$ cat model15.cif   # mmCIF, C-alpha atoms and all ligand atoms
data_data
#
loop_
_atom_site.label_atom_id
_atom_site.label_comp_id
_atom_site.auth_asym_id
_atom_site.auth_seq_id
_atom_site.Cartn_x
_atom_site.Cartn_y
_atom_site.Cartn_z
CA MET A 161 -7.11 0.32 4.76
CA GLY A 162 -7.30 4.09 4.55
CA VAL A 163 -4.35 6.07 3.18
CA VAL A 164 -3.09 8.96 5.29
CA ASN A 165 -0.24 10.56 3.36
CA VAL A 166 1.87 13.02 5.29
CA THR A 167 4.04 14.00 2.34
CA PRO A 168 4.01 17.34 0.55
CA ASP A 169 4.20 15.69 -2.90
CA SER A 170 2.00 12.57 -3.10
CA PHE A 171 0.11 12.40 -6.36
CA SER A 172 -3.51 12.25 -5.23
CA ASP A 173 -3.78 14.09 -1.92
CA GLY A 174 -0.22 15.30 -1.43
CA GLY A 175 0.06 18.65 0.19
CA SER A 176 -3.49 18.78 1.46
CA LEU A 177 -2.31 17.85 4.97
CA PHE A 178 0.48 20.43 4.92
CA ALA A 179 0.42 24.06 5.90
CA SER A 180 3.48 25.93 4.61
CA GLN A 181 5.41 22.63 4.29
CA SER A 182 5.03 21.82 7.98
CA LEU A 183 2.80 18.97 9.00
CA CYS A 184 -0.65 19.92 10.17
CA LEU A 185 -1.37 17.24 12.73
CA ASP A 186 -4.94 18.39 13.26
CA ALA A 187 -5.80 17.95 9.57
CA ALA A 188 -4.25 14.46 9.53
CA MET A 189 -6.32 13.54 12.58
CA VAL A 190 -9.54 14.84 11.05
CA ARG A 191 -8.90 12.59 8.05
CA ALA A 192 -7.89 9.63 10.23
CA ARG A 193 -10.98 9.93 12.45
CA ALA A 194 -13.29 10.14 9.43
CA MET A 195 -11.74 7.04 7.87
CA VAL A 196 -12.17 5.03 11.08
CA ALA A 197 -15.79 6.24 11.40
CA GLN A 198 -16.37 5.07 7.80
CA GLY A 199 -15.10 1.59 8.60
CA ALA A 200 -11.34 1.49 8.06
CA SER A 201 -9.63 -1.30 10.02
CA PHE A 202 -6.14 -0.03 9.13
CA LEU A 203 -4.68 3.40 8.50
CA ASP A 204 -1.55 3.47 6.35
CA ILE A 205 0.74 6.34 7.34
CA GLY A 206 3.37 7.34 4.78
CA GLY A 207 6.03 10.04 4.98
CA GLU A 208 7.84 9.31 1.72
CA SER A 209 6.17 9.77 -1.65
CA THR A 210 6.70 6.80 -3.97
CA ARG A 211 4.94 8.25 -6.99
CA PRO A 212 6.84 7.90 -10.29
CA GLY A 213 9.74 10.36 -10.32
CA ALA A 214 9.51 11.27 -6.62
CA GLU A 215 12.61 12.60 -4.87
CA PRO A 216 14.01 10.68 -1.85
CA VAL A 217 13.64 12.03 1.71
CA SER A 218 15.91 11.60 4.74
CA ALA A 219 15.06 9.23 7.61
CA GLN A 220 14.77 12.23 9.93
CA GLN A 221 12.28 13.96 7.59
CA GLU A 222 10.21 10.80 7.45
CA LEU A 223 10.28 10.43 11.24
CA ASP A 224 9.29 14.07 11.78
CA ARG A 225 6.29 13.53 9.51
CA VAL A 226 4.97 10.16 10.66
CA ILE A 227 5.74 9.69 14.37
CA PRO A 228 3.45 12.48 15.69
CA VAL A 229 0.60 11.13 13.53
CA ILE A 230 1.10 7.55 14.75
CA GLU A 231 1.18 8.70 18.37
CA ALA A 232 -1.97 10.79 17.99
CA ILE A 233 -3.88 7.98 16.27
CA LYS A 234 -2.83 5.43 18.88
CA ALA A 235 -3.91 7.83 21.64
CA SER A 236 -7.44 8.33 20.34
CA LEU A 237 -8.54 5.77 17.70
CA ASP A 238 -9.21 2.04 17.68
CA VAL A 239 -7.46 1.08 14.45
CA VAL A 240 -4.31 -0.74 13.36
CA VAL A 241 -1.64 1.71 12.27
CA SER A 242 0.36 0.63 9.23
CA ILE A 243 3.64 2.42 8.56
CA ASP A 244 4.39 2.86 4.85
CA THR A 245 8.19 3.00 4.81
CA SER A 246 11.32 1.34 3.44
CA THR A 247 13.65 2.87 6.04
CA PRO A 248 14.78 0.58 8.89
CA GLN A 249 15.02 3.40 11.45
CA VAL A 250 11.48 4.51 10.65
CA MET A 251 10.22 0.91 10.96
CA LEU A 252 11.76 0.63 14.43
CA GLU A 253 10.57 3.99 15.74
CA ALA A 254 7.10 3.56 14.26
CA ALA A 255 6.84 0.15 15.95
CA ALA A 256 7.87 1.73 19.26
CA ALA A 257 5.19 4.42 18.74
CA GLY A 258 2.50 1.75 18.31
CA ALA A 259 2.38 0.76 14.65
CA GLY A 260 0.92 -2.71 14.12
CA LEU A 261 1.94 -3.38 10.51
CA ILE A 262 4.93 -2.48 8.35
CA ASN A 263 4.12 -1.76 4.70
CA ASP A 264 7.21 -1.66 2.50
CA VAL A 265 6.94 -0.93 -1.23
CA ARG A 266 10.57 -2.15 -1.49
CA ALA A 267 9.76 -5.49 0.20
CA LEU A 268 12.52 -5.07 2.82
CA GLY A 269 15.15 -4.54 0.12
CA ARG A 270 17.03 -1.74 1.90
CA ASP A 271 20.06 -2.60 4.04
CA GLY A 272 18.95 -3.47 7.56
CA ALA A 273 15.22 -3.66 6.78
CA LEU A 274 14.90 -7.46 7.15
CA CYS A 275 16.64 -7.31 10.54
CA ALA A 276 14.60 -4.32 11.70
CA VAL A 277 11.28 -6.01 10.93
CA ALA A 278 12.40 -9.30 12.52
CA SER A 279 13.26 -7.42 15.71
CA THR A 280 9.80 -5.80 15.89
CA ALA A 281 7.99 -9.15 15.41
CA LEU A 282 5.29 -7.16 13.57
CA PRO A 283 3.52 -8.36 10.43
CA VAL A 284 4.94 -6.96 7.21
CA CYS A 285 3.54 -6.37 3.73
CA LEU A 286 6.01 -7.17 0.95
CA MET A 287 5.11 -5.19 -2.17
CA HIS A 288 6.49 -5.96 -5.62
CA MET A 289 8.08 -3.12 -7.56
CA GLN A 290 10.12 -3.43 -10.74
CA GLY A 291 12.97 -0.89 -10.66
CA ASP A 292 12.78 2.19 -8.44
CA PRO A 293 10.25 5.03 -8.29
CA LYS A 294 12.37 7.38 -10.41
CA THR A 295 12.52 5.10 -13.46
CA MET A 296 10.01 2.29 -12.89
CA GLN A 297 7.54 3.45 -15.54
CA ASP A 298 10.19 3.62 -18.30
CA ASN A 299 9.12 0.63 -20.38
CA PRO A 300 8.53 -2.06 -17.71
CA GLY A 301 8.87 -5.63 -19.01
CA TYR A 302 8.00 -9.16 -17.84
CA GLU A 303 8.13 -12.63 -19.29
CA SER A 304 4.79 -13.29 -17.61
CA VAL A 305 3.75 -10.64 -15.10
CA VAL A 306 1.78 -12.93 -12.75
CA GLN A 307 4.37 -15.74 -12.82
CA ASP A 308 7.31 -13.33 -12.43
CA ILE A 309 5.71 -11.63 -9.42
CA GLY A 310 4.84 -15.01 -7.89
CA ASP A 311 8.50 -16.08 -8.27
CA TYR A 312 9.64 -12.79 -6.73
CA PHE A 313 7.37 -13.38 -3.73
CA GLU A 314 8.81 -16.87 -3.21
CA GLN A 315 12.33 -15.41 -3.10
CA ARG A 316 11.41 -12.61 -0.71
CA ILE A 317 9.50 -14.97 1.59
CA SER A 318 12.62 -17.19 1.80
CA GLU A 319 14.79 -14.14 2.59
CA CYS A 320 12.36 -13.09 5.31
CA GLU A 321 12.32 -16.54 6.88
CA ARG A 322 16.14 -16.66 6.85
CA ALA A 323 16.13 -13.30 8.68
CA GLY A 324 13.77 -14.60 11.36
CA ILE A 325 10.44 -13.22 10.10
CA ALA A 326 7.72 -15.85 10.52
CA ALA A 327 5.76 -16.75 7.38
CA HIS A 328 2.51 -16.14 9.27
CA ASN A 329 3.57 -12.50 9.64
CA ILE A 330 3.92 -11.89 5.90
CA LEU A 331 1.38 -10.25 3.58
CA LEU A 332 1.90 -9.92 -0.17
CA ASP A 333 1.06 -7.08 -2.56
CA PRO A 334 1.60 -7.20 -6.36
CA GLY A 335 2.22 -3.44 -6.38
CA PHE A 336 -0.23 -2.07 -8.93
CA GLY A 337 1.42 0.77 -10.87
CA PHE A 338 4.94 0.09 -9.61
CA GLY A 339 6.91 -0.77 -12.74
CA LYS A 340 3.88 -2.01 -14.67
CA SER A 341 2.21 -1.00 -17.91
CA LEU A 342 -1.57 -0.69 -18.10
CA ALA A 343 -1.73 -4.15 -19.69
CA HIS A 344 0.37 -5.59 -16.82
CA ASN A 345 -1.92 -4.02 -14.20
CA LEU A 346 -5.08 -5.32 -15.88
CA GLN A 347 -3.70 -8.83 -16.26
CA LEU A 348 -2.52 -8.84 -12.63
CA LEU A 349 -5.99 -7.95 -11.38
CA LYS A 350 -7.70 -10.44 -13.68
CA GLN A 351 -5.44 -13.24 -12.41
CA LEU A 352 -5.08 -12.06 -8.81
CA GLN A 353 -6.45 -15.37 -7.52
CA THR A 354 -3.21 -17.07 -8.62
CA LEU A 355 -1.29 -14.93 -6.13
CA ALA A 356 -3.96 -15.30 -3.41
CA ASN A 357 -3.52 -19.06 -3.76
CA LYS A 358 -0.03 -18.78 -2.26
CA GLY A 359 -1.83 -18.87 1.08
CA LEU A 360 -0.62 -15.55 2.50
CA PRO A 361 -2.96 -12.56 2.90
CA LEU A 362 -3.03 -10.26 -0.12
CA LEU A 363 -3.09 -6.47 0.11
CA VAL A 364 -3.88 -4.43 -3.00
CA GLY A 365 -3.72 -0.72 -3.76
CA MET A 366 -5.34 0.62 -6.93
CA SER A 367 -7.15 3.64 -5.50
CA ARG A 368 -6.98 6.66 -7.85
CA LYS A 369 -4.07 5.14 -9.77
CA SER A 370 -3.29 5.70 -13.44
CA MET A 371 -4.55 2.22 -14.40
CA ILE A 372 -8.02 3.66 -13.68
CA GLY A 373 -7.24 7.04 -15.21
CA ASN A 374 -5.89 5.47 -18.38
CA VAL A 375 -8.89 3.20 -18.99
CA LEU A 376 -11.49 5.86 -18.17
CA ASN A 377 -9.54 8.94 -19.28
CA ARG A 378 -10.27 10.61 -15.93
CA PRO A 379 -8.13 12.88 -13.75
CA VAL A 380 -7.15 11.77 -10.24
CA ASP A 381 -10.20 13.31 -8.54
CA GLU A 382 -12.65 11.47 -10.84
CA ARG A 383 -11.46 7.90 -10.36
CA LEU A 384 -13.68 6.79 -7.46
CA HIS A 385 -16.19 4.77 -9.48
CA GLY A 386 -13.48 2.96 -11.39
CA GLY A 387 -11.73 2.35 -8.07
CA LEU A 388 -14.84 0.74 -6.58
CA ALA A 389 -15.10 -1.62 -9.54
CA VAL A 390 -11.51 -2.82 -9.18
CA ALA A 391 -11.78 -3.04 -5.37
CA VAL A 392 -14.72 -5.44 -5.69
CA MET A 393 -12.92 -7.47 -8.37
CA ALA A 394 -9.83 -7.76 -6.15
CA TYR A 395 -11.95 -8.85 -3.18
CA GLU A 396 -13.70 -11.48 -5.29
CA ARG A 397 -10.28 -12.79 -6.38
CA GLY A 398 -9.04 -13.25 -2.83
CA ALA A 399 -7.66 -9.88 -1.67
CA HIS A 400 -7.84 -9.48 2.11
CA ILE A 401 -6.97 -5.80 2.50
CA VAL A 402 -7.80 -3.02 0.04
CA ARG A 403 -5.75 0.17 0.42
CA VAL A 404 -7.84 3.21 -0.58
CA HIS A 405 -8.25 6.95 -0.26
CA ASP A 406 -12.09 6.81 -0.25
CA VAL A 407 -12.93 4.59 2.71
CA GLY A 408 -16.71 5.12 3.03
CA PRO A 409 -17.68 4.26 -0.56
CA THR A 410 -15.23 1.33 -0.64
CA VAL A 411 -16.62 -0.16 2.58
CA ASP A 412 -20.13 -0.03 1.08
CA ALA A 413 -18.98 -1.68 -2.14
CA LEU A 414 -17.08 -4.43 -0.31
CA ARG A 415 -19.87 -5.10 2.19
CA MET A 416 -22.25 -5.52 -0.73
CA ALA A 417 -19.85 -7.88 -2.51
CA HIS A 418 -19.33 -9.78 0.74
CA ALA A 419 -23.09 -10.28 1.17
CA VAL A 420 -23.40 -11.71 -2.32
CA ILE A 421 -20.31 -13.93 -2.15
CA ASN A 422 -21.34 -15.36 1.23
CA SER A 423 -25.04 -15.85 0.42
CA ILE A 424 -26.44 -19.37 0.42
C1 LIG A 501 0.84 1.21 -2.58
C2 LIG A 501 1.49 1.33 -1.36
C3 LIG A 501 0.32 -0.06 -2.95
C4 LIG A 501 1.15 -0.87 -0.85
C5 LIG A 501 1.53 3.21 -2.41
C6 LIG A 501 -0.53 5.50 -3.77
C7 LIG A 501 0.89 5.30 -4.18
N1 LIG A 501 1.65 0.31 -0.49
N2 LIG A 501 1.92 2.60 -1.27
N3 LIG A 501 0.51 -1.07 -2.03
N4 LIG A 501 0.86 2.40 -3.21
N5 LIG A 501 1.28 -1.92 -0.01
O1 LIG A 501 -0.80 5.92 -2.65
O2 LIG A 501 -1.41 5.30 -4.60
O3 LIG A 501 -0.24 -0.29 -4.02
S1 LIG A 501 1.90 4.87 -2.75
#
$ encode --input "model15.cif" --output "structure tokens"
Amino acid sequence: MGVVNVTPDSFSDGGSLFASQSLCLDAAMVRARAMVAQGASFLDIGGESTRPGAEPVSAQQELDRVIPVIEAIKASLDVVVSIDTSTPQVMLEAAAAGAGLINDVRALGRDGALCAVASTALPVCLMHMQGDPKTMQDNPGYESVVQDIGDYFEQRISECERAGIAAHNILLDPGFGFGKSLAHNLQLLKQLQTLANKGLPLLVGMSRKSMIGNVLNRPVDERLHGGLAVAVMAYERGAHIVRVHDVGPTVDALRMAHAVINSI
């Protein structure tokens, strides 16, 4: 899954798709086309930054950013469009514009989100986050991070089913970096298989995140090699979808891992 941020403030590529704060659709499409050519099966389109400390945006701002990109991708590329949003109105309008997956870092926690997703009948990724983006990195705590996140998933899956979302349409994501210390992130990856064993597809996003930066002491633009290592480890532990900024190198790494894992 390739990340196409259309926000002016995302931490790793924010702003690069913007010209004087207004969305540059051509630049987004150049990036989207390259990612598909490099082997992306999904493109994740986000119009709200969820980096630690990010300011909220209005539904209309989000729509103005993401809908033209979704429409342009659907018109010219053979790829599943994922909409990275927590806003029910954006979920509905993105679905109408052709999105094939809803990716919610708030796991359908906003009012109306469960209902909105049920009405689209689209698959949805439920991501775990402790707290909210403004404060989530202020001393996050767990009894046992893997067990606590597993319990959280069970509760959210039940809520989804009560709202009319079929279990076969649910994907799970432990939410690397969302209310987690470095030690939590490392333990989560090491024990990812425990969460994969729940039987629902797992999506993971570690690309360029601080868990890599903190281990390697590298800035955001020097985290690719660390990112490839953790992508392969996640795949080996049962991850089905790996959300990344660097699609070409990641596809090579995962194809190589796939060849080894499936050799006889
Ligand atoms: C994630 C995400 C993630 C899912 C972001 C970034 C920060 N969605 N959206 N999982 N991270 N499902 O782009 O690195 O880890 S925003």
$ atom_distance --input "model15.cif" --atom1 "CA of Leu352 in chain A" --atom2 "CA of Gly398 in chain A"
7.3 Å
$ axis_aligned_box --input "model15.cif" --around "ligand LIG 501 (chain A)" --padding-each-side "4 Å" --output "JSON"
{"center_x": 0.3, "center_y": 2.0, "center_z": -2.3, "size_x": 11.3, "size_y": 15.8, "size_z": 12.6}
$ closest_atom_pairs --input "model15.cif" --of "chain A" --to "ligand LIG 501 (chain A)" --cutoff "6 Å" --atoms "all atoms listed in the file" --output "JSON lines"
{"residue": "A:Thr210", "atom": "CA", "partner": "A:LIG501", "partner_atom": "S1", "distance": 5.3}
{"residue": "A:Arg211", "atom": "CA", "partner": "A:LIG501", "partner_atom": "C7", "distance": 5.7}
{"residue": "A:Asn263", "atom": "CA", "partner": "A:LIG501", "partner_atom": "N5", "distance": 5.5}
{"residue": "A:Val265", "atom": "CA", "partner": "A:LIG501", "partner_atom": "N1", "distance": 5.5}
{"residue": "A:Met287", "atom": "CA", "partner": "A:LIG501", "partner_atom": "N5", "distance": 5.5}
{"residue": "A:Asp333", "atom": "CA", "partner": "A:LIG501", "partner_atom": "N5", "distance": 5.8}
{"residue": "A:Gly335", "atom": "CA", "partner": "A:LIG501", "partner_atom": "O3", "distance": 4.6}
{"residue": "A:Phe336", "atom": "CA", "partner": "A:LIG501", "partner_atom": "O3", "distance": 5.2}
{"residue": "A:Val364", "atom": "CA", "partner": "A:LIG501", "partner_atom": "O3", "distance": 5.6}
{"residue": "A:Gly365", "atom": "CA", "partner": "A:LIG501", "partner_atom": "O3", "distance": 3.5}
{"residue": "A:Met366", "atom": "CA", "partner": "A:LIG501", "partner_atom": "O3", "distance": 5.9}
{"residue": "A:Lys369", "atom": "CA", "partner": "A:LIG501", "partner_atom": "O2", "distance": 5.8}
$ atom_distance --input "model15.cif" --atom1 "CA of Cys320 in chain A" --atom2 "CA of Asn299 in chain A"
29.3 Å
$ residues_around --input "model15.cif" --residues "Pro212 in chain A" --least-positions-apart "6" --cutoff "12 Å" --atoms "all atoms listed in the file" --output "PDB file with C-alpha atoms, in the frame of the given file"
ATOM      1  CA  ASP A 169       4.200  15.690  -2.900  1.00  0.00           C
ATOM      2  CA  SER A 170       2.000  12.570  -3.100  1.00  0.00           C
ATOM      3  CA  PHE A 171       0.110  12.400  -6.360  1.00  0.00           C
ATOM      4  CA  MET A 289       8.080  -3.120  -7.560  1.00  0.00           C
ATOM      5  CA  GLN A 290      10.120  -3.430 -10.740  1.00  0.00           C
ATOM      6  CA  GLY A 291      12.970  -0.890 -10.660  1.00  0.00           C
ATOM      7  CA  ASP A 292      12.780   2.190  -8.440  1.00  0.00           C
ATOM      8  CA  PRO A 293      10.250   5.030  -8.290  1.00  0.00           C
ATOM      9  CA  LYS A 294      12.370   7.380 -10.410  1.00  0.00           C
ATOM     10  CA  THR A 295      12.520   5.100 -13.460  1.00  0.00           C
ATOM     11  CA  MET A 296      10.010   2.290 -12.890  1.00  0.00           C
ATOM     12  CA  GLN A 297       7.540   3.450 -15.540  1.00  0.00           C
ATOM     13  CA  ASP A 298      10.190   3.620 -18.300  1.00  0.00           C
ATOM     14  CA  GLY A 337       1.420   0.770 -10.870  1.00  0.00           C
ATOM     15  CA  PHE A 338       4.940   0.090  -9.610  1.00  0.00           C
ATOM     16  CA  GLY A 339       6.910  -0.770 -12.740  1.00  0.00           C
ATOM     17  CA  LYS A 340       3.880  -2.010 -14.670  1.00  0.00           C
ATOM     18  CA  LYS A 369      -4.070   5.140  -9.770  1.00  0.00           C
ATOM     19  CA  SER A 370      -3.290   5.700 -13.440  1.00  0.00           C
TER      20      SER A 370
END
$ atom_distance --input "model15.cif" --atom1 "CA of Glu208 in chain A" --atom2 "CA of Leu223 in chain A"
9.9 Å
$ closest_residue --input "model15.cif" --among "A:Ala399, A:Ala232, A:Ala219, A:Ile227" --to "Val190 in chain A" --atoms "only C-alpha atoms"
A:Ala232
$ closest_residue --input "model15.cif" --among "A:Leu237, A:Val226, A:Leu274, A:Ala257" --to "Ala197 in chain A" --atoms "only C-alpha atoms"
A:Leu237
$ closest_residue --input "model15.cif" --among "A:Ala255, A:Ala267, A:Ala419, A:Met161" --to "Val239 in chain A" --atoms "all atoms listed in the file"
A:Met161
$ residues_around --input "model15.cif" --residues "Leu342 in chain A" --least-positions-apart "2" --cutoff "6 Å" --atoms "only C-alpha atoms" --output "PyMOL selection string"
chain A and resi 344-345+371
$ residues_around --input "model15.cif" --residues "Gly162 in chain A" --least-positions-apart "5" --cutoff "12 Å" --atoms "all atoms listed in the file" --output "number ranges by chain"
A: 188, 191-206, 239-244, 364-365, 367, 401-411
$ closest_residue --input "model15.cif" --among "A:Leu252, A:Val284, A:Ser341, A:Pro379" --to "Tyr302 in chain A" --atoms "only C-alpha atoms"
A:Ser341
$ build_atoms --input "model15.cif" --residues "range 189-200 of chain A" --atoms "all heavy atoms" --output "mmCIF file, in the coordinates of the input"
data_model
loop_
_atom_site.group_PDB
_atom_site.id
_atom_site.type_symbol
_atom_site.label_atom_id
_atom_site.label_comp_id
_atom_site.auth_asym_id
_atom_site.auth_seq_id
_atom_site.Cartn_x
_atom_site.Cartn_y
_atom_site.Cartn_z
ATOM 1 N N MET A 189 -5.433 14.223 11.634
ATOM 2 C CA MET A 189 -6.320 13.540 12.580
ATOM 3 C C MET A 189 -7.778 13.629 12.167
ATOM 4 O O MET A 189 -8.550 12.691 12.385
ATOM 5 C CB MET A 189 -6.116 14.085 14.002
ATOM 6 C CG MET A 189 -4.816 13.635 14.636
ATOM 7 S SD MET A 189 -4.615 11.825 14.599
ATOM 8 C CE MET A 189 -5.943 11.335 15.689
ATOM 9 N N VAL A 190 -8.169 14.740 11.567
ATOM 10 C CA VAL A 190 -9.540 14.840 11.050
ATOM 11 C C VAL A 190 -9.758 13.762 9.990
ATOM 12 O O VAL A 190 -10.764 13.046 10.000
ATOM 13 C CB VAL A 190 -9.798 16.257 10.455
ATOM 14 C CG1 VAL A 190 -11.086 16.274 9.633
ATOM 15 C CG2 VAL A 190 -9.862 17.292 11.577
ATOM 16 N N ARG A 191 -8.795 13.611 9.102
ATOM 17 C CA ARG A 191 -8.900 12.590 8.050
ATOM 18 C C ARG A 191 -8.891 11.190 8.665
ATOM 19 O O ARG A 191 -9.699 10.332 8.286
ATOM 20 C CB ARG A 191 -7.751 12.753 7.068
ATOM 21 C CG ARG A 191 -7.832 11.769 5.923
ATOM 22 C CD ARG A 191 -6.896 12.120 4.795
ATOM 23 N NE ARG A 191 -7.242 13.395 4.165
ATOM 24 C CZ ARG A 191 -6.598 13.926 3.143
ATOM 25 N NH1 ARG A 191 -5.553 13.294 2.625
ATOM 26 N NH2 ARG A 191 -6.984 15.069 2.623
ATOM 27 N N ALA A 192 -8.001 10.961 9.609
ATOM 28 C CA ALA A 192 -7.890 9.630 10.230
ATOM 29 C C ALA A 192 -9.195 9.266 10.956
ATOM 30 O O ALA A 192 -9.705 8.153 10.805
ATOM 31 C CB ALA A 192 -6.717 9.614 11.211
ATOM 32 N N ARG A 193 -9.733 10.193 11.710
ATOM 33 C CA ARG A 193 -10.980 9.930 12.450
ATOM 34 C C ARG A 193 -12.127 9.623 11.493
ATOM 35 O O ARG A 193 -12.916 8.714 11.731
ATOM 36 C CB ARG A 193 -11.343 11.166 13.303
ATOM 37 C CG ARG A 193 -11.337 10.891 14.811
ATOM 38 C CD ARG A 193 -11.889 12.073 15.601
ATOM 39 N NE ARG A 193 -11.149 13.314 15.367
ATOM 40 C CZ ARG A 193 -10.011 13.623 15.981
ATOM 41 N NH1 ARG A 193 -9.486 12.810 16.867
ATOM 42 N NH2 ARG A 193 -9.393 14.758 15.714
ATOM 43 N N ALA A 194 -12.208 10.375 10.409
ATOM 44 C CA ALA A 194 -13.290 10.140 9.430
ATOM 45 C C ALA A 194 -13.159 8.758 8.820
ATOM 46 O O ALA A 194 -14.154 8.042 8.660
ATOM 47 C CB ALA A 194 -13.246 11.222 8.346
ATOM 48 N N MET A 195 -11.946 8.357 8.494
ATOM 49 C CA MET A 195 -11.740 7.040 7.870
ATOM 50 C C MET A 195 -12.130 5.916 8.829
ATOM 51 O O MET A 195 -12.736 4.917 8.416
ATOM 52 C CB MET A 195 -10.288 6.889 7.424
ATOM 53 C CG MET A 195 -9.971 7.700 6.176
ATOM 54 S SD MET A 195 -8.221 7.530 5.725
ATOM 55 C CE MET A 195 -8.285 8.174 4.051
ATOM 56 N N VAL A 196 -11.799 6.070 10.096
ATOM 57 C CA VAL A 196 -12.170 5.030 11.080
ATOM 58 C C VAL A 196 -13.691 5.000 11.233
ATOM 59 O O VAL A 196 -14.309 3.924 11.245
ATOM 60 C CB VAL A 196 -11.461 5.277 12.426
ATOM 61 C CG1 VAL A 196 -11.982 4.316 13.495
ATOM 62 C CG2 VAL A 196 -9.950 5.112 12.263
ATOM 63 N N ALA A 197 -14.325 6.180 11.285
ATOM 64 C CA ALA A 197 -15.790 6.240 11.400
ATOM 65 C C ALA A 197 -16.448 5.584 10.185
ATOM 66 O O ALA A 197 -17.526 4.984 10.292
ATOM 67 C CB ALA A 197 -16.249 7.690 11.543
ATOM 68 N N GLN A 198 -15.814 5.666 9.037
ATOM 69 C CA GLN A 198 -16.370 5.070 7.800
ATOM 70 C C GLN A 198 -16.060 3.592 7.666
ATOM 71 O O GLN A 198 -16.493 2.962 6.708
ATOM 72 C CB GLN A 198 -15.814 5.826 6.583
ATOM 73 C CG GLN A 198 -16.376 7.240 6.453
ATOM 74 C CD GLN A 198 -15.599 8.091 5.453
ATOM 75 O OE1 GLN A 198 -14.580 7.654 4.917
ATOM 76 N NE2 GLN A 198 -16.066 9.299 5.223
ATOM 77 N N GLY A 199 -15.298 3.039 8.594
ATOM 78 C CA GLY A 199 -15.100 1.590 8.600
ATOM 79 C C GLY A 199 -13.710 1.091 8.283
ATOM 80 O O GLY A 199 -13.533 -0.116 8.057
ATOM 81 N N ALA A 200 -12.718 1.961 8.291
ATOM 82 C CA ALA A 200 -11.340 1.490 8.060
ATOM 83 C C ALA A 200 -10.871 0.642 9.246
ATOM 84 O O ALA A 200 -11.105 1.008 10.400
ATOM 85 C CB ALA A 200 -10.394 2.668 7.864
#
